$ cat upload.cif   # mmCIF, C-alpha atoms
data_query
loop_
_atom_site.label_atom_id
_atom_site.label_comp_id
_atom_site.auth_asym_id
_atom_site.auth_seq_id
_atom_site.Cartn_x
_atom_site.Cartn_y
_atom_site.Cartn_z
CA MET A 1 -5.04 15.69 -3.24
CA LEU A 2 -6.15 15.00 -6.81
CA VAL A 3 -6.47 11.27 -6.07
CA LEU A 4 -8.54 12.03 -2.97
CA ALA A 5 -10.78 14.44 -4.88
CA LEU A 6 -11.37 11.87 -7.64
CA TYR A 7 -12.13 9.17 -5.09
CA VAL A 8 -14.59 11.36 -3.16
CA GLY A 9 -16.24 12.39 -6.43
CA ALA A 10 -16.55 8.76 -7.50
CA PHE A 11 -18.10 7.88 -4.12
CA PHE A 12 -20.91 10.43 -4.28
CA GLY A 13 -21.37 10.26 -8.05
CA SER A 14 -21.72 6.48 -8.11
CA PHE A 15 -24.12 6.65 -5.14
CA PHE A 16 -26.61 8.88 -6.93
CA ILE A 17 -26.28 6.96 -10.21
CA ALA A 18 -26.58 3.53 -8.58
CA LYS A 19 -29.55 4.63 -6.49
CA ARG A 20 -31.43 5.44 -9.66
CA VAL A 21 -30.29 2.46 -11.75
CA PHE A 22 -30.19 -0.30 -9.09
CA LYS A 23 -33.17 0.61 -6.91
CA SER A 24 -33.57 -2.93 -5.57
CA ALA A 25 -30.05 -2.85 -4.14
CA PHE A 26 -31.13 -0.07 -1.75
CA GLU A 27 -34.22 -1.85 -0.43
CA LYS A 28 -34.16 -3.49 3.00
CA LYS A 29 -34.14 -7.26 2.97
CA GLY A 30 -34.62 -10.07 5.47
CA PHE A 31 -34.98 -9.19 9.14
CA ASN A 32 -34.23 -5.51 8.48
CA ARG A 33 -37.52 -5.14 6.59
CA LEU A 34 -39.34 -5.63 9.91
CA LYS A 35 -37.54 -2.75 11.61
CA THR A 36 -39.28 0.60 11.72
CA VAL A 37 -36.29 2.52 13.10
CA THR A 38 -32.93 1.71 11.57
CA PHE A 39 -30.89 4.94 11.64
CA GLY A 40 -28.15 4.47 14.24
CA ASP A 41 -28.85 0.73 14.55
CA GLU A 42 -25.60 -0.98 13.48
CA SER A 43 -27.34 -4.33 13.09
CA ALA A 44 -29.67 -2.82 10.47
CA VAL A 45 -26.78 -1.74 8.23
CA THR A 46 -25.60 -4.32 5.71
CA ALA A 47 -23.02 -3.86 2.96
CA ASN A 48 -24.43 -2.70 -0.37
CA ARG A 49 -22.82 -5.06 -2.89
CA VAL A 50 -23.28 -2.61 -5.75
CA ALA A 51 -21.20 -0.12 -3.76
CA SER A 52 -18.57 -2.80 -3.13
CA ILE A 53 -18.23 -3.55 -6.84
CA VAL A 54 -18.06 0.13 -7.78
CA SER A 55 -15.49 0.72 -5.03
CA ILE A 56 -13.19 -1.99 -6.37
CA ILE A 57 -13.58 -0.72 -9.93
CA THR A 58 -12.82 2.84 -8.78
CA VAL A 59 -9.64 1.84 -6.95
CA PHE A 60 -8.51 -0.19 -9.98
CA TRP A 61 -9.23 2.74 -12.31
CA LEU A 62 -7.23 5.12 -10.09
CA TRP A 63 -4.35 2.64 -10.20
CA VAL A 64 -4.49 2.54 -13.99
CA ALA A 65 -5.04 6.31 -14.35
CA PHE A 66 -1.92 7.27 -12.42
CA THR A 67 0.45 4.73 -14.01
CA ASN A 68 1.75 4.14 -17.51
CA SER A 69 -0.57 1.17 -17.98
CA VAL A 70 -1.55 -0.24 -21.38
CA ILE A 71 -5.08 -0.97 -20.13
CA PRO A 72 -7.50 1.12 -22.23
CA LEU A 73 -9.07 3.20 -19.45
CA PRO A 74 -9.08 7.00 -19.01
CA LYS A 75 -5.70 8.15 -17.69
CA MET A 76 -4.11 11.25 -16.26
CA PRO A 77 -1.68 13.21 -18.48
CA GLY A 78 1.44 11.13 -18.93
CA PRO A 79 5.15 11.97 -19.07
CA PHE A 80 6.59 13.53 -22.21
CA SER A 81 8.51 11.31 -24.60
CA GLY A 82 9.77 12.21 -28.05
CA ASP A 83 11.96 14.94 -29.50
CA THR A 84 12.02 18.52 -28.30
CA SER A 85 14.50 21.39 -28.11
CA PHE A 86 15.30 24.66 -26.44
CA THR A 87 17.61 27.55 -27.26
CA TYR A 88 20.04 29.36 -25.02
CA THR A 89 21.98 32.56 -25.31
CA VAL A 90 25.53 32.89 -24.00
CA GLN A 91 27.31 36.14 -23.28
CA LEU A 92 31.05 36.77 -23.12
CA GLU A 93 32.84 39.19 -20.81
CA ASP A 94 33.02 41.82 -23.56
CA GLY A 95 29.22 41.68 -24.00
CA THR A 96 29.25 39.60 -27.18
CA THR A 97 26.33 37.16 -27.38
CA ASP A 98 25.53 34.09 -29.42
CA GLU A 99 22.62 31.67 -29.54
CA ALA A 100 22.66 27.88 -29.84
CA LYS A 101 20.14 25.07 -29.75
CA VAL A 102 19.92 21.93 -27.61
CA SER A 103 18.04 19.06 -29.29
CA VAL A 104 16.60 16.67 -26.72
CA ARG A 105 15.37 13.11 -27.25
CA VAL A 106 13.27 11.80 -24.37
CA TYR A 107 12.79 8.05 -24.54
CA ARG A 108 10.75 5.42 -22.71
CA GLU A 109 12.98 3.55 -20.32
CA ASP A 110 10.66 0.53 -20.17
CA ILE A 111 11.04 -0.65 -23.78
CA GLN A 112 13.99 -1.81 -25.86
CA GLN A 113 15.34 0.91 -28.12
CA THR A 114 18.55 -0.40 -29.66
CA VAL A 115 20.87 -3.39 -29.91
CA ASP A 116 24.58 -2.90 -29.16
CA GLU A 117 27.54 -4.40 -30.98
CA ASN A 118 27.29 -7.56 -28.86
CA GLY A 119 23.63 -8.07 -29.71
CA GLU A 120 22.52 -7.06 -26.23
CA PRO A 121 19.28 -5.05 -25.94
CA GLY A 122 19.71 -1.41 -25.06
CA ARG A 123 17.31 1.13 -23.65
CA GLU A 124 18.84 4.39 -24.82
CA PRO A 125 18.15 5.29 -28.47
CA ALA A 126 20.53 7.05 -30.82
CA ALA A 127 20.97 10.77 -30.28
CA ILE A 128 19.49 13.34 -32.66
CA GLU A 129 21.85 14.22 -35.49
CA ILE A 130 22.64 17.93 -35.49
CA GLU A 131 24.83 20.48 -37.23
CA PRO A 132 27.20 22.42 -34.95
CA GLY A 133 26.14 25.75 -36.46
CA GLU A 134 28.13 28.94 -36.81
CA GLY A 135 29.40 31.21 -34.06
CA PHE A 136 31.26 30.45 -30.87
CA ALA A 137 28.21 28.75 -29.23
CA LYS A 138 27.61 25.38 -30.86
CA ASN A 139 24.42 23.33 -31.00
CA ASP A 140 24.16 20.40 -28.60
CA THR A 141 22.21 17.16 -28.29
CA LEU A 142 20.87 15.33 -25.25
CA THR A 143 19.32 11.89 -24.75
CA ILE A 144 17.35 11.37 -21.53
CA ALA A 145 14.85 8.90 -20.11
CA ARG A 146 11.40 9.87 -18.89
CA TYR A 147 11.32 10.72 -15.20
CA ALA A 148 15.09 11.41 -15.38
CA PHE A 149 17.15 14.55 -14.92
CA LYS A 150 20.36 15.54 -16.68
CA VAL A 151 22.93 18.31 -16.67
CA VAL A 152 23.59 19.76 -20.12
CA ASN A 153 27.25 20.69 -20.53
CA VAL A 154 26.74 23.14 -23.36
CA TRP A 155 30.37 24.35 -23.22
CA LYS A 156 31.95 21.03 -24.15
CA ASN A 157 31.92 21.93 -27.86
CA ASP A 158 31.78 25.74 -27.63
CA GLU A 159 34.74 27.84 -28.74
CA VAL A 160 34.66 29.78 -25.46
CA SER A 161 34.35 27.86 -22.18
CA LYS A 162 32.67 28.89 -18.96
CA LYS A 163 36.07 29.34 -17.34
CA GLU A 164 36.86 31.93 -19.98
CA GLY A 165 33.84 34.03 -19.06
CA SER A 166 31.01 32.52 -21.11
CA LYS A 167 27.68 32.48 -19.29
CA ILE A 168 24.05 31.76 -20.16
CA ILE A 169 21.72 34.76 -19.95
CA THR A 170 18.50 33.53 -21.65
CA ILE A 171 16.59 30.30 -22.26
CA ASN A 172 14.15 30.36 -25.19
CA GLY A 173 14.55 34.12 -25.22
CA GLN A 174 13.58 34.54 -21.56
CA PRO A 175 16.16 36.07 -19.20
CA ILE A 176 17.39 33.67 -16.53
CA GLU A 177 19.80 33.86 -13.61
CA PRO A 178 21.72 31.04 -11.85
CA GLY A 179 19.23 29.13 -9.71
CA GLY A 180 16.29 30.07 -11.95
CA GLU A 181 14.11 27.91 -14.16
CA ILE A 182 12.05 28.08 -17.34
CA LYS A 183 9.08 25.76 -17.84
CA THR A 184 7.92 24.53 -21.24
CA ASP A 185 5.22 22.08 -22.31
CA ASP A 186 7.88 19.38 -22.71
CA GLY A 187 9.96 19.92 -19.58
CA THR A 188 11.77 22.28 -17.25
CA ILE A 189 15.13 23.93 -17.95
CA ARG A 190 16.98 25.13 -14.88
CA LEU A 191 20.30 26.82 -14.22
CA THR A 192 22.38 25.52 -11.36
CA GLU A 193 23.90 27.94 -8.89
CA LYS A 194 27.03 27.87 -11.06
CA GLY A 195 25.08 28.64 -14.21
CA THR A 196 25.02 25.19 -15.87
CA PRO A 197 21.69 24.28 -17.55
CA THR A 198 19.78 21.12 -16.65
CA PHE A 199 16.79 19.51 -18.33
CA GLU A 200 13.97 17.55 -16.73
CA PRO A 201 11.20 16.14 -18.98
CA ALA A 202 7.61 16.92 -18.04
CA LYS A 203 6.34 14.11 -15.81
CA GLY A 204 2.62 14.67 -16.16
CA LEU A 205 0.50 13.16 -13.39
CA ARG A 206 1.47 9.51 -13.82
CA MET A 207 3.92 7.80 -11.50
CA ALA A 208 7.10 6.09 -12.62
CA ARG A 209 7.30 2.31 -12.41
CA LEU A 210 9.73 2.56 -9.50
CA TYR A 211 7.05 4.21 -7.37
CA LEU A 212 3.89 2.52 -8.67
CA PRO A 213 4.05 -0.15 -11.40
CA ALA A 214 1.03 -0.67 -13.65
CA PRO A 215 -1.46 -3.48 -12.91
CA GLU A 216 -0.25 -5.63 -15.81
CA VAL A 217 3.35 -5.35 -14.56
CA VAL A 218 2.26 -6.55 -11.11
CA LEU A 219 0.30 -9.42 -12.72
CA GLN A 220 3.38 -10.49 -14.70
CA ARG A 221 5.44 -10.44 -11.50
CA PHE A 222 2.75 -12.47 -9.70
CA ILE A 223 2.95 -15.17 -12.37
CA TRP A 224 6.75 -15.07 -12.30
CA LEU A 225 6.83 -15.43 -8.50
CA ASN A 226 4.63 -18.51 -8.69
CA LYS A 227 6.83 -20.09 -11.36
CA GLU A 228 10.36 -18.96 -10.49
CA GLY A 229 9.98 -17.86 -6.88
CA TYR A 230 11.98 -15.27 -4.96
CA GLN A 231 14.83 -15.89 -2.53
CA GLY A 232 14.52 -19.63 -3.16
CA TYR A 233 10.80 -19.96 -2.42
CA THR A 234 7.69 -19.62 -4.58
CA LEU A 235 4.95 -17.16 -3.70
CA PHE A 236 2.77 -20.04 -2.50
CA GLU A 237 5.49 -21.17 -0.07
CA HIS A 238 6.02 -17.63 1.24
CA THR A 239 2.26 -17.34 1.76
CA ARG A 240 1.93 -20.73 3.44
CA TYR A 241 4.63 -19.97 6.01
CA SER A 242 3.17 -16.55 6.84
CA LEU A 243 -0.37 -17.92 7.14
CA GLN A 244 0.81 -20.78 9.31
CA ARG A 245 2.59 -18.41 11.71
CA VAL A 246 -0.39 -16.06 11.95
CA LEU A 247 -2.92 -18.82 12.54
CA LEU A 248 -0.76 -20.48 15.21
CA GLY A 249 -0.14 -17.19 17.01
CA PHE A 250 -3.82 -16.24 16.89
CA PHE A 251 -4.97 -19.73 17.96
CA PHE A 252 -2.84 -19.79 21.09
CA GLY A 253 -3.68 -16.14 21.83
CA ALA A 254 -7.40 -16.95 21.73
CA LEU A 255 -6.96 -20.25 23.58
CA ILE A 256 -5.33 -18.54 26.55
CA GLY A 257 -6.83 -15.05 26.26
CA ILE A 258 -10.54 -15.96 26.24
CA PRO A 259 -10.49 -17.96 29.53
CA ILE A 260 -8.49 -15.21 31.23
CA GLY A 261 -10.95 -12.61 29.95
CA TYR A 262 -13.89 -14.65 31.25
CA ALA A 263 -12.17 -15.02 34.62
CA MET A 264 -11.56 -11.26 34.80
CA GLY A 265 -15.20 -10.58 33.99
CA LEU A 266 -16.59 -13.07 36.51
CA THR A 267 -14.37 -12.84 39.62
CA GLY A 268 -12.92 -9.87 41.40
CA TRP A 269 -9.77 -11.77 42.37
CA ALA A 270 -8.95 -12.66 38.73
CA ARG A 271 -9.61 -9.10 37.62
CA GLY A 272 -7.39 -7.70 40.34
CA TRP A 273 -4.67 -10.26 39.56
CA PHE A 274 -4.54 -9.90 35.78
CA ASP A 275 -5.67 -6.28 35.31
CA PRO A 276 -2.25 -4.67 36.02
CA ILE A 277 -0.51 -7.11 33.67
CA VAL A 278 -3.02 -6.69 30.85
CA GLU A 279 -3.17 -2.89 31.07
CA PHE A 280 0.63 -2.71 31.26
CA MET A 281 1.28 -4.99 28.27
CA ARG A 282 -1.61 -3.89 26.05
CA PRO A 283 -0.09 -0.52 24.96
CA ILE A 284 3.31 -2.04 24.18
CA PRO A 285 3.64 -2.59 20.43
CA PRO A 286 4.76 -6.09 19.42
CA LEU A 287 7.76 -4.59 17.61
CA ALA A 288 9.23 -3.50 20.95
CA LEU A 289 9.30 -7.12 22.09
CA ILE A 290 11.44 -8.41 19.21
CA PRO A 291 14.81 -8.09 21.06
CA LEU A 292 13.47 -10.01 24.06
CA ILE A 293 11.87 -12.64 21.81
CA ILE A 294 15.25 -13.24 20.14
CA ILE A 295 17.01 -13.56 23.51
CA TRP A 296 14.38 -15.84 25.02
CA PHE A 297 13.33 -18.01 22.08
CA GLY A 298 16.08 -17.61 19.49
CA ILE A 299 15.56 -16.90 15.82
CA GLY A 300 13.56 -20.01 14.92
CA GLU A 301 9.87 -20.49 14.27
CA ILE A 302 8.98 -20.44 17.97
CA GLY A 303 10.06 -16.83 18.35
CA LYS A 304 7.87 -15.66 15.47
CA VAL A 305 4.82 -17.55 16.73
CA VAL A 306 5.33 -16.20 20.26
CA LEU A 307 5.45 -12.64 18.94
CA LEU A 308 2.16 -13.12 17.09
CA PHE A 309 0.72 -14.87 20.15
CA LEU A 310 1.46 -11.82 22.28
CA ALA A 311 -0.04 -9.55 19.60
CA ALA A 312 -3.35 -11.46 19.83
CA LEU A 313 -3.39 -12.34 23.54
CA TRP A 314 -4.20 -8.95 25.09
CA ILE A 315 -6.86 -8.16 22.50
CA MET A 316 -8.64 -11.45 23.13
CA ILE A 317 -8.47 -10.96 26.91
CA ILE A 318 -10.04 -7.50 26.67
CA ALA A 319 -12.68 -8.69 24.17
CA ALA A 320 -13.73 -11.59 26.40
CA ARG A 321 -13.76 -9.39 29.52
CA SER A 322 -15.84 -6.77 27.71
CA GLY A 323 -18.24 -9.43 26.48
CA VAL A 324 -18.86 -10.74 30.00
CA SER A 325 -19.19 -7.26 31.48
CA GLY A 326 -21.70 -6.30 28.79
CA VAL A 327 -24.20 -9.07 29.58
CA ALA A 328 -27.46 -7.50 30.75
CA ILE A 329 -27.90 -8.18 34.45
CA SER A 330 -31.64 -8.63 33.89
CA LYS A 331 -30.94 -11.78 31.87
CA VAL A 332 -28.79 -13.20 34.69
CA HIS A 333 -31.50 -12.45 37.27
CA ALA A 334 -34.16 -14.01 35.05
CA ALA A 335 -32.10 -17.19 34.72
CA TYR A 336 -31.53 -17.37 38.48
CA SER A 337 -35.24 -16.91 39.10
CA LEU A 338 -35.89 -19.93 36.90
CA GLY A 339 -33.55 -22.05 39.03
CA ALA A 340 -30.44 -22.01 36.82
CA SER A 341 -27.13 -23.06 38.34
CA LYS A 342 -23.90 -21.09 37.98
CA TRP A 343 -22.73 -23.45 35.26
CA GLN A 344 -26.01 -22.97 33.38
CA ILE A 345 -25.73 -19.20 33.81
CA LEU A 346 -22.26 -19.38 32.30
CA SER A 347 -23.13 -21.70 29.40
CA LYS A 348 -26.65 -20.48 28.59
CA VAL A 349 -26.47 -16.75 29.36
CA ILE A 350 -22.95 -15.37 29.63
CA VAL A 351 -21.23 -17.27 26.81
CA PRO A 352 -23.94 -16.68 24.16
CA ASN A 353 -24.21 -12.98 25.01
CA SER A 354 -20.44 -12.42 25.10
CA LEU A 355 -19.72 -14.15 21.78
CA PRO A 356 -20.39 -11.03 19.64
CA ASP A 357 -17.69 -9.08 21.52
CA ILE A 358 -15.31 -12.04 21.32
CA PHE A 359 -15.77 -12.32 17.57
CA THR A 360 -15.17 -8.58 17.20
CA GLY A 361 -11.97 -8.95 19.21
CA ALA A 362 -10.95 -11.97 17.12
CA ARG A 363 -11.30 -9.97 13.91
CA VAL A 364 -9.22 -7.15 15.40
CA ALA A 365 -6.61 -9.59 16.70
CA MET A 366 -6.32 -11.29 13.32
CA GLY A 367 -5.77 -7.91 11.68
CA VAL A 368 -3.08 -7.03 14.20
CA CYS A 369 -1.40 -10.40 13.63
CA TRP A 370 -1.34 -9.82 9.90
CA GLY A 371 0.15 -6.41 10.52
CA THR A 372 2.74 -7.91 12.85
CA VAL A 373 3.74 -10.80 10.57
CA VAL A 374 6.10 -8.53 8.62
CA ALA A 375 7.91 -7.63 11.85
CA ALA A 376 7.83 -11.25 13.03
CA GLU A 377 9.51 -12.39 9.81
CA LEU A 378 12.24 -9.79 10.29
CA VAL A 379 13.49 -12.03 13.11
CA ALA A 380 16.04 -13.77 10.89
CA ALA A 381 13.37 -15.41 8.72
CA ASN A 382 14.33 -16.74 5.32
CA VAL A 383 10.79 -17.31 4.06
CA GLY A 384 7.44 -15.55 4.39
CA LEU A 385 5.54 -12.71 2.79
CA GLY A 386 7.04 -10.20 5.19
CA LYS A 387 10.56 -11.39 4.43
CA MET A 388 9.83 -11.25 0.70
CA ILE A 389 8.55 -7.67 0.95
CA VAL A 390 11.44 -6.44 3.10
CA THR A 391 14.06 -8.06 0.86
CA ALA A 392 12.41 -6.68 -2.29
CA SER A 393 12.36 -3.18 -0.79
CA LYS A 394 16.15 -3.24 -0.45
CA PHE A 395 16.45 -3.70 -4.22
CA GLN A 396 13.57 -1.29 -5.04
CA LEU A 397 11.49 -4.11 -6.58
CA THR A 398 8.20 -2.30 -6.13
CA ASP A 399 6.21 -4.81 -8.15
CA ILE A 400 7.18 -7.63 -5.75
CA ILE A 401 6.29 -5.42 -2.79
CA ILE A 402 2.83 -4.72 -4.24
CA VAL A 403 2.28 -8.42 -4.99
CA GLY A 404 3.06 -9.22 -1.35
CA ILE A 405 0.77 -6.45 -0.09
CA ILE A 406 -2.08 -7.60 -2.33
CA VAL A 407 -1.69 -11.23 -1.23
CA ILE A 408 -1.68 -10.21 2.44
CA GLY A 409 -4.75 -8.04 1.86
CA VAL A 410 -6.65 -10.71 -0.06
CA ILE A 411 -5.96 -13.38 2.56
CA GLY A 412 -6.82 -10.96 5.37
CA PHE A 413 -10.07 -10.08 3.59
CA ALA A 414 -10.89 -13.77 3.07
CA ILE A 415 -10.29 -14.47 6.76
CA GLU A 416 -12.47 -11.49 7.72
CA VAL A 417 -15.31 -12.64 5.47
CA GLY A 418 -14.95 -16.19 6.77
CA MET A 419 -15.15 -15.01 10.37
CA ARG A 420 -18.21 -12.92 9.56
CA LYS A 421 -19.91 -15.95 8.04
CA LEU A 422 -18.91 -18.04 11.06
CA GLU A 423 -20.25 -15.34 13.37
CA THR A 424 -23.57 -15.26 11.48
CA TRP A 425 -23.81 -19.04 11.74
CA LEU A 426 -22.81 -19.33 15.41
CA ILE A 427 -24.55 -16.16 16.65
CA PRO A 428 -27.78 -15.85 14.67
CA TRP A 429 -29.32 -13.83 17.51
CA LYS A 430 -26.84 -10.95 17.24
CA GLY A 431 -28.68 -7.65 16.85
CA LYS A 432 -32.08 -9.33 17.28
CA VAL A 433 -32.36 -9.64 21.04
#

$ encode --input "upload.cif" --output "C-alpha cells"
Amino acid sequence: MLVLALYVGAFFGSFFIAKRVFKSAFEKKGFNRLKTVTFGDESAVTANRVASIVSIITVFWLWVAFTNSVIPLPKMPGPFSGDTSFTYTVQLEDGTTDEAKVSVRVYREDIQQTVDENGEPGREPAAIEIEPGEGFAKNDTLTIARYAFKVVNVWKNDEVSKKEGSKIITINGQPIEPGGEIKTDDGTIRLTEKGTPTFEPAKGLRMARLYLPAPEVVLQRFIWLNKEGYQGYTLFEHTRYSLQRVLLGFFFGALIGIPIGYAMGLTGWARGWFDPIVEFMRPIPPLALIPLIIIWFGIGEIGKVVLLFLAALWIMIIAARSGVSGVAISKVHAAYSLGASKWQILSKVIVPNSLPDIFTGARVAMGVCWGTVVAAELVAANVGLGKMIVTASKFQLTDIIIVGIIVIGVIGFAIEVGMRKLETWLIPWKGKV
C-alpha cells in the first residue's frame, strides 16, 4: 500500500510540477493542433515524453528506496544492524527471580565479516564478549543476520534449567506470557508457546536481497550473464533463442490468421465454417495445450513454435475479421458507384481501412506470445529466457530472474515501439479520415 501511495503521489505531483516547468510539452503539435474537439478522441492523445521520463525515474527510485542499494537516493527505513541487547527475568517454582542480559550482534549478511582458519571468507562476525554475571540466570550472547530469526536458548548456561521449573516472566521489565511478544526499536522479542525467547531484528521497510535485489546487484548479474552465461549459454544466446521462437510463432500466426479473418469478414460461408472453431479455441489458454503439443510434435523446437503460433493465430483472425467488419459501408458504396471491381474494393477500400485493427491485434498477439514464451520453453527446453528464469527460480536466484524479466520487457517494448512506427508509416491516414 505504501508503494502504491508513493507512486500515485508521484504521478499527480510530477504532473502539476511538469505542467508549470515544461509548458511546451503540454501543447498540441502537428495534426492535433488543427482539432477543435479532442477530449475522447483517441487519435488526438499522444504520449507526453516528459511524463515517460518521470515515470521511469519514479519506478527506478521506488526500486532503490525499498532495497538496500548503495545508490545515493532517498530510501525507506532500513533493517537494523549493529549491537543491541535486552534483559529477561526468570522465576523459579519457589518464586525466586533473577535477571540476565542477552547481548545481540546483528550483522549484514551481504558483506564479508571474518576469515576462518583456512583463509575462507566468512559472513558471521565474532560474538560480543560478555561476563556471565552473578545469580542463577547468566548473561547470554547472540549473533544473527539481518532479516533472520533465531531462538535464544537462555538456559544453556543458567544454573537452573527450564525442566527444573525456570521460566521467563518479563522482557525488558514488561510482563510476558508464552506466545506473547515485546517490540523494541531494534527488533522483536517473542516467547514461543513453550516459553523460549526468540529474537527477530527490525526489518524496516526495505526488502531483503532474496526478495528484491538492488539495481546495482542486478546490473552486476547482467554483466556476469553476458560473460559467464547460465546453464551453458550466455544471456545473448538465451535471448536470441526466445526471440527467434516468438517471431516465428507470430509470423506464421499472422500469415494464416489474417487471410482467415478476411474470409470470415467477407463471406458468410467462411464465417459459418470457421466461427465455431475460432470461438471454441480462443478462450483456451496456450498452457492447456502443452501436453498435446508434446504428444503431437515432441519436445523439439517445432513444438515450441507451434504453441506460440496457436497463441497468435486466434488473435490475428479476430483482429482481421473485426477490421473488415468495421469498414464503413458508405465507402464501399462510393467505390462501387465509381465503377470499382471487387478486387479494387478489397485492395483500395477494405485492406487500408482494416489495417489499424490488424496492427492492434498484432501488438496484442506479440504481447501474448512473449507471455507464452516462458511456458513454451518449459517444454523440455535447455535454452531461452523462460528456461533461464524457471531454472533460476528453483535456486532462488532472484537477480537472474529480474534480469530475464527486464530483458523480456525491454525487447517487448522495443517491438511495440517498432510496430507503432511501422503503423504510422504504413497507415498515415489512421485517425484522420

$ atom_distance --input "upload.cif" --atom1 "CA of Phe199 in chain A" --atom2 "CA of Val217 in chain A"
28.5 Å

$ closest_residue --input "upload.cif" --among "A:Phe222, A:Leu346, A:Lys203, A:Tyr336" --to "Ala263 in chain A" --atoms "all atoms listed in the file"
A:Leu346

$ residues_around --input "upload.cif" --residues "Thr141 in chain A" --least-positions-apart "2" --cutoff "6 Å" --atoms "all atoms listed in the file" --output "short mmCIF file (atom, residue, chain, number, x, y, z; two decimals) with C-alpha atoms, in the coordinates of the input"
data_model
loop_
_atom_site.label_atom_id
_atom_site.label_comp_id
_atom_site.auth_asym_id
_atom_site.auth_seq_id
_atom_site.Cartn_x
_atom_site.Cartn_y
_atom_site.Cartn_z
CA VAL A 102 19.92 21.93 -27.61
CA SER A 103 18.04 19.06 -29.29
CA VAL A 104 16.60 16.67 -26.72
#

$ resolve_selection --input "upload.cif" --expression "the PyMOL selection byres ((chain A and resi 172) around 9)" --output "list in words"
Phe86, Thr87, Tyr88, Thr89, Thr170, Ile171, Gly173, Gln174, Pro175 and Ile182 of chain A

$ write_last_selection --input "upload.cif" --atoms "C-alpha atoms" --output "CSV table (one decimal), in the coordinates of the input"
chain,number,residue,atom,x,y,z
A,86,PHE,CA,15.3,24.7,-26.4
A,87,THR,CA,17.6,27.6,-27.3
A,88,TYR,CA,20.0,29.4,-25.0
A,89,THR,CA,22.0,32.6,-25.3
A,170,THR,CA,18.5,33.5,-21.6
A,171,ILE,CA,16.6,30.3,-22.3
A,173,GLY,CA,14.6,34.1,-25.2
A,174,GLN,CA,13.6,34.5,-21.6
A,175,PRO,CA,16.2,36.1,-19.2
A,182,ILE,CA,12.0,28.1,-17.3

$ atom_distance --input "upload.cif" --atom1 "CA of Ala392 in chain A" --atom2 "CA of Tyr230 in chain A"
9.0 Å

$ atom_distance --input "upload.cif" --atom1 "CA of Asp98 in chain A" --atom2 "CA of Asn157 in chain A"
13.8 Å

$ residues_around --input "upload.cif" --residues "Arg363 in chain A" --least-positions-apart "5" --cutoff "9 Å" --atoms "all atoms listed in the file" --output "compact mmCIF listing (two decimals) with C-alpha atoms, in the frame of the given file"
# COMPACT_ATOMS: atom_id res chain seq x y z
CA ILE A 358 -15.31 -12.04 21.32
CA VAL A 368 -3.08 -7.03 14.20
CA ILE A 415 -10.29 -14.47 6.76
CA GLU A 416 -12.47 -11.49 7.72
CA MET A 419 -15.15 -15.01 10.37
CA ARG A 420 -18.21 -12.92 9.56

$ resolve_selection --input "upload.cif" --expression "the PyMOL selection byres ((chain A and resi 168) around 9)" --output "list in words"
Tyr88, Thr89, Val90, Gln91, Ser166, Lys167, Ile169, Thr170, Ile171, Ile176, Glu177, Pro178, Leu191, Gly195, Thr196 and Pro197 of chain A
